[in-house]
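J.: Dropping in query.txt, with compact mmCIF, C-alpha atoms and all ligand atoms.
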# COMPACT_ATOMS: atom_id res chain seq x y z
CA MET A 1 -34.07 16.30 -20.65
CA ILE A 2 -30.37 15.55 -20.17
CA SER A 3 -28.92 18.99 -20.58
CA PRO A 4 -25.13 18.86 -20.46
CA ILE A 5 -24.45 17.98 -24.04
CA VAL A 6 -21.15 16.24 -24.24
CA THR A 7 -19.41 17.75 -27.20
CA VAL A 8 -16.68 15.72 -28.78
CA PHE A 9 -14.30 18.18 -30.28
CA ALA A 10 -12.63 17.00 -33.44
CA ASP A 11 -11.50 19.99 -35.46
CA ALA A 12 -10.31 23.47 -34.57
CA HIS A 13 -12.75 26.34 -35.01
CA PRO A 14 -11.26 28.62 -32.39
CA SER A 15 -12.72 31.90 -33.52
CA ASP A 16 -16.38 31.21 -34.22
CA GLY A 17 -17.47 31.24 -30.56
CA SER A 18 -19.36 27.96 -30.81
CA LEU A 19 -17.28 26.30 -28.11
CA VAL A 20 -17.89 29.17 -25.67
CA GLU A 21 -21.59 29.03 -26.44
CA ALA A 22 -21.75 25.28 -25.83
CA LEU A 23 -19.69 25.57 -22.64
CA GLU A 24 -21.82 28.36 -21.19
CA GLY A 25 -24.92 26.36 -22.12
CA GLY A 26 -23.78 23.48 -19.91
CA ALA A 27 -21.70 21.29 -22.22
CA VAL A 28 -18.66 19.27 -21.33
CA LEU A 29 -16.12 19.92 -24.07
CA VAL A 30 -13.99 16.89 -24.83
CA PHE A 31 -10.65 17.27 -26.57
CA PRO A 32 -9.68 13.74 -27.58
CA ASP A 33 -6.09 14.12 -28.67
CA LEU A 34 -4.23 17.10 -27.24
CA ASP A 35 -0.58 16.39 -26.53
CA PHE A 36 0.72 16.41 -22.97
CA PRO A 37 3.74 14.07 -22.97
CA PHE A 38 5.39 12.70 -19.82
CA SER A 39 9.15 12.27 -19.52
CA ASP A 40 10.60 8.87 -18.57
CA PHE A 41 11.14 10.15 -15.04
CA GLU A 42 7.54 11.35 -14.76
CA THR A 43 5.96 8.00 -15.69
CA ARG A 44 6.38 6.98 -12.03
CA PHE A 45 3.60 9.44 -11.13
CA VAL A 46 1.07 7.22 -12.90
CA GLU A 47 2.51 3.95 -11.57
CA ARG A 48 1.81 4.65 -7.91
CA PRO A 49 0.38 7.60 -5.99
CA PHE A 50 2.93 10.18 -4.86
CA ALA A 51 0.56 11.48 -2.22
CA ASP A 52 0.70 11.60 1.56
CA GLY A 53 -2.89 10.31 1.65
CA LYS A 54 -4.05 12.96 4.12
CA ALA A 55 -5.81 15.10 1.54
CA LYS A 56 -7.89 13.93 -1.44
CA ASN A 57 -5.36 15.35 -3.89
CA VAL A 58 -1.90 16.78 -4.36
CA ASN A 59 -1.93 20.37 -5.55
CA ILE A 60 -0.07 23.58 -6.21
CA ARG A 61 -1.52 26.98 -5.42
CA GLY A 62 -0.61 30.56 -6.09
CA GLU A 63 2.24 32.25 -7.90
CA ALA A 64 4.87 30.38 -5.88
CA ALA A 65 3.26 27.05 -6.85
CA GLU A 66 3.91 25.55 -3.45
CA LEU A 67 3.30 21.78 -3.53
CA ARG A 68 0.93 20.32 -0.95
CA GLY A 69 -0.03 16.74 -0.09
CA ALA A 70 2.79 15.07 -2.04
CA ALA A 71 5.00 12.15 -1.01
CA GLY A 72 8.35 10.99 -2.40
CA THR A 73 11.97 12.13 -2.43
CA GLU A 74 12.81 15.82 -2.78
CA GLU A 75 13.72 15.19 -6.42
CA GLU A 76 10.39 13.45 -7.07
CA LYS A 77 8.38 16.14 -5.34
CA GLU A 78 10.09 18.84 -7.37
CA ALA A 79 9.42 16.87 -10.58
CA LEU A 80 5.75 16.50 -9.64
CA ARG A 81 5.57 20.22 -8.92
CA GLN A 82 7.07 20.96 -12.34
CA LEU A 83 4.57 18.57 -13.96
CA LEU A 84 1.70 20.50 -12.35
CA ILE A 85 3.20 23.84 -13.42
CA ARG A 86 3.39 22.45 -16.96
CA TYR A 87 -0.25 21.32 -16.78
CA ARG A 88 -1.27 24.79 -15.63
CA ARG A 89 0.50 26.24 -18.69
CA PHE A 90 -1.13 23.61 -20.95
CA SER A 91 -4.55 24.62 -19.55
CA GLY A 92 -3.85 28.31 -20.14
CA GLU A 93 -2.84 27.58 -23.73
CA LEU A 94 -5.97 25.47 -24.27
CA VAL A 95 -8.10 28.45 -23.22
CA GLU A 96 -6.15 30.88 -25.43
CA ARG A 97 -6.44 28.61 -28.43
CA TYR A 98 -9.95 27.17 -28.16
CA LEU A 99 -11.77 29.69 -25.94
CA PRO A 100 -10.07 32.92 -27.05
CA ALA A 101 -13.01 35.03 -25.84
CA TYR A 102 -11.88 34.21 -22.28
CA ALA A 103 -8.17 34.92 -22.81
CA GLY A 104 -6.92 37.54 -20.38
CA LYS A 105 -10.18 37.40 -18.39
CA LEU A 106 -9.77 33.99 -16.81
CA SER A 107 -7.54 33.52 -13.77
CA LEU A 108 -5.88 30.17 -13.18
CA ALA A 109 -6.17 28.96 -9.58
CA GLY A 110 -5.26 25.56 -8.09
CA THR A 111 -3.77 22.69 -10.11
CA SER A 112 -4.18 19.15 -8.81
CA TYR A 113 -2.85 15.62 -9.30
CA ARG A 114 -5.46 13.00 -8.41
CA PRO A 115 -3.86 9.59 -8.17
CA PHE A 116 -6.48 7.77 -6.08
CA GLU A 117 -9.38 5.66 -7.22
CA VAL A 118 -12.57 7.69 -6.85
CA ASP A 119 -14.46 5.33 -4.58
CA GLN A 120 -11.45 3.97 -2.73
CA ARG A 121 -12.03 6.08 0.36
CA LYS A 122 -15.25 5.99 2.31
CA LEU A 123 -16.10 9.62 2.75
CA SER A 124 -18.91 11.45 4.49
CA TRP A 125 -21.89 12.23 2.24
CA ARG A 126 -20.78 15.85 1.97
CA ARG A 127 -17.39 14.89 0.55
CA ASP A 128 -18.74 12.00 -1.53
CA ASP A 129 -18.20 13.22 -5.09
CA THR A 130 -19.87 10.16 -6.62
CA ARG A 131 -23.14 11.91 -5.75
CA LEU A 132 -24.44 14.36 -8.37
CA HIS A 133 -23.56 17.91 -7.39
CA VAL A 134 -22.40 21.31 -8.56
CA ASP A 135 -19.11 22.60 -7.16
CA ALA A 136 -19.12 25.08 -4.28
CA PHE A 137 -16.25 25.90 -1.93
CA PRO A 138 -17.24 26.38 1.74
CA SER A 139 -14.29 28.54 2.84
CA ASN A 140 -13.69 30.35 -0.42
CA PRO A 141 -16.63 32.55 -1.50
CA ILE A 142 -16.99 32.78 -5.26
CA GLY A 143 -19.35 35.73 -5.60
CA GLU A 144 -19.49 36.92 -9.19
CA LYS A 145 -17.04 34.33 -10.53
CA ARG A 146 -17.56 31.14 -12.46
CA ILE A 147 -15.67 27.89 -11.82
CA LEU A 148 -14.18 26.48 -15.02
CA ARG A 149 -12.27 23.21 -14.76
CA ILE A 150 -9.88 21.54 -17.17
CA PHE A 151 -9.38 17.82 -16.57
CA ARG A 152 -7.10 15.26 -18.17
CA ASN A 153 -7.11 11.49 -17.78
CA ILE A 154 -3.46 10.40 -17.41
CA ASN A 155 -4.19 6.77 -16.55
CA PRO A 156 -1.46 4.56 -18.08
CA SER A 157 -3.41 1.30 -18.25
CA GLY A 158 -6.47 2.21 -20.31
CA GLN A 159 -8.79 2.93 -17.38
CA PRO A 160 -11.42 5.56 -18.23
CA ARG A 161 -12.53 8.32 -15.88
CA LEU A 162 -16.24 7.73 -15.33
CA TRP A 163 -18.71 10.52 -14.67
CA ARG A 164 -22.42 10.86 -14.48
CA VAL A 165 -23.87 14.16 -15.62
CA GLY A 166 -27.28 15.33 -14.47
CA GLU A 167 -30.09 17.55 -15.61
CA ASP A 168 -29.76 21.24 -16.47
CA PHE A 169 -29.08 23.66 -13.64
CA GLY A 170 -32.36 25.54 -13.94
CA SER A 171 -34.52 22.41 -13.63
CA MET A 172 -32.49 21.24 -10.64
CA ALA A 173 -32.70 24.68 -8.99
CA GLU A 174 -36.49 24.79 -9.35
CA LYS A 175 -36.76 21.55 -7.37
CA PHE A 176 -34.34 22.51 -4.60
CA LEU A 177 -34.57 26.30 -4.14
CA PRO A 178 -37.81 26.13 -2.09
CA LYS A 179 -36.11 23.77 0.40
CA LEU A 180 -33.06 25.93 1.13
CA PRO A 181 -32.67 28.02 4.30
CA GLY A 182 -32.77 31.82 3.90
CA TYR A 183 -29.61 33.89 3.64
CA SER A 184 -28.45 35.91 6.62
CA PRO A 185 -26.08 38.83 5.84
CA LEU A 186 -25.33 38.99 9.58
CA SER A 187 -24.05 35.40 9.81
CA ALA A 188 -22.11 35.96 6.57
CA ARG A 189 -20.32 38.89 8.23
CA LEU A 190 -19.73 36.75 11.32
CA LEU A 191 -18.16 33.90 9.31
CA ALA A 192 -15.83 36.39 7.62
CA GLY A 193 -15.04 38.07 10.96
CA LEU A 194 -14.12 34.70 12.46
CA ARG A 195 -12.10 33.95 9.29
CA ILE A 196 -14.11 30.79 8.67
CA THR A 197 -14.57 32.22 5.19
CA LYS A 198 -11.81 34.08 3.34
CA SER A 199 -14.21 36.87 2.41
CA ARG A 200 -17.90 37.63 2.94
CA ARG A 201 -20.16 34.81 1.81
CA SER A 202 -22.66 36.26 -0.67
CA GLU A 203 -26.23 35.06 -1.05
CA TYR A 204 -25.08 33.24 -4.17
CA ASP A 205 -22.40 31.38 -2.19
CA HIS A 206 -24.93 30.58 0.51
CA LEU A 207 -27.38 29.12 -2.03
CA MET A 208 -24.70 27.11 -3.82
CA LEU A 209 -23.39 25.56 -0.61
CA HIS A 210 -26.87 24.56 0.47
CA LEU A 211 -27.69 23.27 -3.02
CA HIS A 212 -24.50 21.18 -2.96
CA ASP A 213 -25.50 19.64 0.39
CA ALA A 214 -29.21 19.24 -0.38
CA LEU A 215 -28.40 17.47 -3.65
CA LYS A 216 -25.94 15.07 -2.07
CA GLN A 217 -28.28 14.26 0.81
CA ASP A 218 -31.28 13.48 -1.40
CA LEU A 219 -30.86 9.81 -2.25
CA ASP A 220 -34.13 9.66 -4.18
CA TYR A 221 -32.96 12.51 -6.37
CA GLN A 222 -29.55 10.86 -6.81
CA ALA A 223 -31.18 7.66 -8.01
CA SER A 224 -34.06 8.98 -10.08
CA ALA A 225 -32.99 12.38 -11.48
CA PRO A 226 -32.26 12.55 -15.22
CA GLN A 227 -28.66 11.52 -15.75
CA ALA A 228 -26.24 10.00 -18.22
CA ASP A 229 -22.97 8.10 -17.92
CA VAL A 230 -19.88 9.56 -19.56
CA ARG A 231 -16.44 8.00 -20.10
CA PHE A 232 -13.26 10.00 -20.48
CA GLU A 233 -10.52 7.84 -21.96
CA PRO A 234 -6.80 8.15 -21.15
CA GLY A 235 -5.28 10.98 -23.16
CA GLN A 236 -8.55 12.90 -23.28
CA THR A 237 -8.89 16.42 -21.90
CA TRP A 238 -12.29 17.81 -20.94
CA VAL A 239 -13.47 21.25 -19.93
CA THR A 240 -16.63 22.29 -18.14
CA PHE A 241 -18.19 24.87 -15.84
CA SER A 242 -18.42 22.66 -12.74
CA ASP A 243 -20.63 25.21 -10.94
CA LEU A 244 -23.27 24.74 -13.67
CA VAL A 245 -22.99 21.14 -14.84
CA MET A 246 -24.37 18.53 -12.46
CA HIS A 247 -21.72 15.84 -12.17
CA GLY A 248 -20.55 12.90 -10.10
CA ALA A 249 -17.17 11.16 -10.42
CA MET A 250 -17.87 7.43 -10.50
CA GLY A 251 -14.51 5.84 -11.14
CA GLY A 252 -10.98 6.10 -12.43
CA ARG A 253 -7.60 7.07 -11.06
CA TYR A 254 -4.72 9.29 -12.18
CA MET A 255 -6.04 12.60 -13.39
CA LEU A 256 -4.81 16.18 -13.65
CA GLU A 257 -7.14 19.08 -12.96
CA GLN A 258 -6.86 22.85 -13.34
CA THR A 259 -9.34 25.22 -11.71
CA ALA A 260 -9.92 28.64 -13.27
CA TYR A 261 -12.18 31.55 -12.37
CA LEU A 262 -14.03 33.69 -14.88
CA PRO A 263 -16.03 36.80 -13.93
CA VAL A 264 -19.72 36.43 -14.84
CA ALA A 265 -19.41 39.75 -16.68
CA ALA A 266 -16.73 38.23 -18.94
CA GLN A 267 -19.09 35.56 -20.24
CA ALA A 268 -20.50 35.75 -23.75
CA ARG A 269 -23.94 35.25 -22.16
CA PRO A 270 -23.94 36.14 -18.44
CA GLU A 271 -27.61 35.12 -18.21
CA THR A 272 -26.53 31.46 -18.49
CA SER A 273 -24.53 31.68 -15.23
CA PRO A 274 -25.83 29.97 -12.08
CA GLN A 275 -25.76 33.44 -10.48
CA ARG A 276 -28.30 34.81 -12.98
CA ILE A 277 -30.34 31.60 -13.21
CA LEU A 278 -30.85 31.58 -9.42
CA ALA A 279 -31.78 35.28 -9.42
CA GLN A 280 -34.24 34.66 -12.24
CA LYS A 281 -35.83 31.71 -10.41
CA LEU A 282 -36.15 33.81 -7.25
CA GLY A 283 -37.50 36.76 -9.22
CA ARG A 284 -35.06 39.27 -7.68
CA PRO A 285 -31.34 40.09 -7.69
CA LEU A 286 -29.19 38.14 -5.22
CA ARG A 287 -27.82 39.97 -2.19
FE FE B 1 -17.28 18.31 -8.33
Show me the file's structure as structure tokens.
T.:
Amino acid sequence: MISPIVTVFADAHPSDGSLVEALEGGAVLVFPDLDFPFSDFETRFVERPFADGKAKNVNIRGEAAELRGAAGTEEEKEALRQLLIRYRRFSGELVERYLPAYAGKLSLAGTSYRPFEVDQRKLSWRRDDTRLHVDAFPSNPIGEKRILRIFRNINPSGQPRLWRVGEDFGSMAEKFLPKLPGYSPLSARLLAGLRITKSRRSEYDHLMLHLHDALKQDLDYQASAPQADVRFEPGQTWVTFSDLVMHGAMGGRYMLEQTAYLPVAAQARPETSPQRILAQKLGRPLR
């Protein structure tokens, strides 16, 4: 069964909760024609990459929206920063309008500009996002939060963003959970004490990191697991829980991305979270 149903969104039904239900169930919501116009000055950001090339992406973080990884003149960098601030606002408005159940509960985190071709750089297997995976952040424990991401293809020359999506989280977890190393609260405290992690890594974070790695390392699984190709055309915006939906980015360049965190308790159905699915598969609460 290919679980993540790709839902093409055509008409507004913001209050009936069906979009939240689909999203929590593992859908990728596609919004084909939301407006996010670029000024004449900003078109340069989709003509060549304004990135220093050291990191995968250019991004802004935090209230101050400090720009990192960008290249260009001071004027260009400030314009790029303003573009990302505007995309963050656009993402917040999308949530308020189409996912009103999450309004006020979701917190917007990093915003990124991704100008490089997906497979342009030869990365280590762990950083190779063409391999099917669920998102997990090694230094930034997530705990009882969900990772919601809002993407937009801003390619100017018709190039789609290509993804593969995989099987449902529960089926994947059943295959991989028995292979994962056990959680050690002691080493979690140690990692936090050494400031390798920003806070204590929970058992959930431990499992998700090892799932992320085990999935990417398993070439048989990558080739033979249930999967489907998806295209996101320029001008399309798509929204998904990237901690739940198995995905790989297969191609495309020039994209904007907003990361948001939602407490599991703020979900319409918390039992659909990877936190609760893993606990259910293990038959006990996570530590
Ligand atoms: Fe990812």
J.: Please find the residues contacting ligand FE 1 (chain B) at a distance of at most 7 Å between atoms, with only C-alpha atoms and all ligand atoms counted, and report them as a PyMOL selection string.
T.: chain A and resi 129+133-135+242+247-248
J.: Find the residues near Arg161 of chain A: any atom within 12 Å, counting only C-alpha atoms, skip ones fewer than 5 places away on the same chain, and give them as a PyMOL selection string.
T.: chain A and resi 114-119+130+151-156+229-238+248-256
J.: In Å, how far is it from atom CA of Asn59 of chain A to atom CA of Gly72 of chain A?
T.: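 Separation of atom CA of Asn59 of chain A and atom CA of Gly72 of chain A: 14.3 Å.
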J.: Between A:Val95, A:Ala136, A:Leu83, A:Leu286, which has the minimum distance to Gly182 of chain A (counting all atoms listed in the file)?
T.: A:Leu286
J.: Which one of A:Ser171, A:Ser18, A:Asn140, A:Thr240 sits closest to Lys198 of chain A if you count all atoms listed in the file?
T.: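 Among A:Ser171, A:Ser18, A:Asn140, A:Thr240, it is A:Asn140 that comes nearest to Lys198 of chain A.
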J.: What does the distance between atom CA of Arg131 of chain A and atom CA of Gln222 of chain A come to in Å, to one decimal place?
T.: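 Atom CA of Gln222 of chain A lies at a distance of 6.6 Å from atom CA of Arg131 of chain A.
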J.: So which residues touch Leu282 of chain A within 10 Å, counting all atoms listed in the file, skipping near sequence neighbours fewer than 2 positions away, as a list in words?
T.: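 Answer for this query is Ala173, Glu174, Leu177, Pro178, Arg276, Ile277, Leu278, Ala279, Gln280, Arg284, Pro285 and Leu286 of chain A.
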J.: Go through A:Pro185, A:Gly62, A:Gly92, A:Pro49 one by one, measure the shortest atom-to-atom distance of each to Glu76 of chain A using only C-alpha atoms, and give the residue with the smallest value.
T.: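 Under the stated criterion, the closest residue is A:Pro49.
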J.: I'd like the neighbourhood of Glu257 of chain A as number ranges by chain, where a residue qualifies if any of its atoms comes within 7 Å (using all atoms listed in the file), though same-chain residues fewer than 4 positions away should be ignored.
T.: A: 111-113, 149-152
J.: Let me see the file: selected residues, C-alpha atoms, as a compact mmCIF listing (two decimals), in the frame of the given file.
T.:
# COMPACT_ATOMS: atom_id res chain seq x y z
CA THR A 111 -3.77 22.69 -10.11
CA SER A 112 -4.18 19.15 -8.81
CA TYR A 113 -2.85 15.62 -9.30
CA ARG A 149 -12.27 23.21 -14.76
CA ILE A 150 -9.88 21.54 -17.17
CA PHE A 151 -9.38 17.82 -16.57
CA ARG A 152 -7.10 15.26 -18.17
J.: If you measure from atom CA of Arg127 of chain A to atom CA of Ala225 of chain A, what distance in Å do you get, rounded to one decimal?
T.: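 Computing the Euclidean distance for atom CA of Arg127 of chain A and atom CA of Ala225 of chain A yields 19.9 Å.
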J.: As a ChimeraX atom specification, please: the residues near Ser273 of chain A (cut-off 12 Å, all atoms listed in the file, same-chain neighbours under 5 positions excluded).
T.: /A:21,23-26,143-148,168-170,204,241-245,262-268,278-280
J.: Can you pull out every residue within 12 Å of Lys77 of chain A, counting only C-alpha atoms, but drop anything in the same chain fewer than 3 positions away, and send it as a list in words?
T.: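 In the requested form, the answer reads Phe41, Glu42, Arg44, Phe45, Pro49, Phe50, Ala51, Asp52, Val58, Asn59, Ile60, Glu66, Leu67, Arg68, Gly69, Ala70, Ala71, Gly72, Thr73, Glu74, Leu80, Arg81, Gln82, Leu83, Leu84 and Tyr113 of chain A.
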J.: Dump C-alpha atoms for the selected residues as a PDB file, keeping the file's coordinate frame?
T.:
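Wrote result-v8.pdb, looks like this:
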ATOM      1  CA  PHE A  41      11.140  10.150 -15.040  1.00  0.00           C
ATOM      2  CA  GLU A  42       7.540  11.350 -14.760  1.00  0.00           C
ATOM      3  CA  ARG A  44       6.380   6.980 -12.030  1.00  0.00           C
ATOM      4  CA  PHE A  45       3.600   9.440 -11.130  1.00  0.00           C
ATOM      5  CA  PRO A  49       0.380   7.600  -5.990  1.00  0.00           C
ATOM      6  CA  PHE A  50       2.930  10.180  -4.860  1.00  0.00           C
ATOM      7  CA  ALA A  51       0.560  11.480  -2.220  1.00  0.00           C
ATOM      8  CA  ASP A  52       0.700  11.600   1.560  1.00  0.00           C
ATOM      9  CA  VAL A  58      -1.900  16.780  -4.360  1.00  0.00           C
ATOM     10  CA  ASN A  59      -1.930  20.370  -5.550  1.00  0.00           C
ATOM     11  CA  ILE A  60      -0.070  23.580  -6.210  1.00  0.00           C
ATOM     12  CA  GLU A  66       3.910  25.550  -3.450  1.00  0.00           C
ATOM     13  CA  LEU A  67       3.300  21.780  -3.530  1.00  0.00           C
ATOM     14  CA  ARG A  68       0.930  20.320  -0.950  1.00  0.00           C
ATOM     15  CA  GLY A  69      -0.030  16.740  -0.090  1.00  0.00           C
ATOM     16  CA  ALA A  70       2.790  15.070  -2.040  1.00  0.00           C
ATOM     17  CA  ALA A  71       5.000  12.150  -1.010  1.00  0.00           C
ATOM     18  CA  GLY A  72       8.350  10.990  -2.400  1.00  0.00           C
ATOM     19  CA  THR A  73      11.970  12.130  -2.430  1.00  0.00           C
ATOM     20  CA  GLU A  74      12.810  15.820  -2.780  1.00  0.00           C
ATOM     21  CA  LEU A  80       5.750  16.500  -9.640  1.00  0.00           C
ATOM     22  CA  ARG A  81       5.570  20.220  -8.920  1.00  0.00           C
ATOM     23  CA  GLN A  82       7.070  20.960 -12.340  1.00  0.00           C
ATOM     24  CA  LEU A  83       4.570  18.570 -13.960  1.00  0.00           C
ATOM     25  CA  LEU A  84       1.700  20.500 -12.350  1.00  0.00           C
ATOM     26  CA  TYR A 113      -2.850  15.620  -9.300  1.00  0.00           C
TER      27      TYR A 113
END
J.: From the set A:Trp163, A:Phe90, A:Tyr98, A:Tyr221, which residue has the shortest atom-to-atom contact distance to Phe176 of chain A, counting all atoms listed in the file?
T.: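 Checking each candidate against Phe176 of chain A, we get A:Tyr221 as the closest.
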J.: Using only C-alpha atoms, which residue out of A:Trp125, A:Leu106, A:Gln217, A:Ser157 lies closest to Glu47 of chain A?
T.: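 Ranked by minimum distance to Glu47 of chain A, first place goes to A:Ser157.
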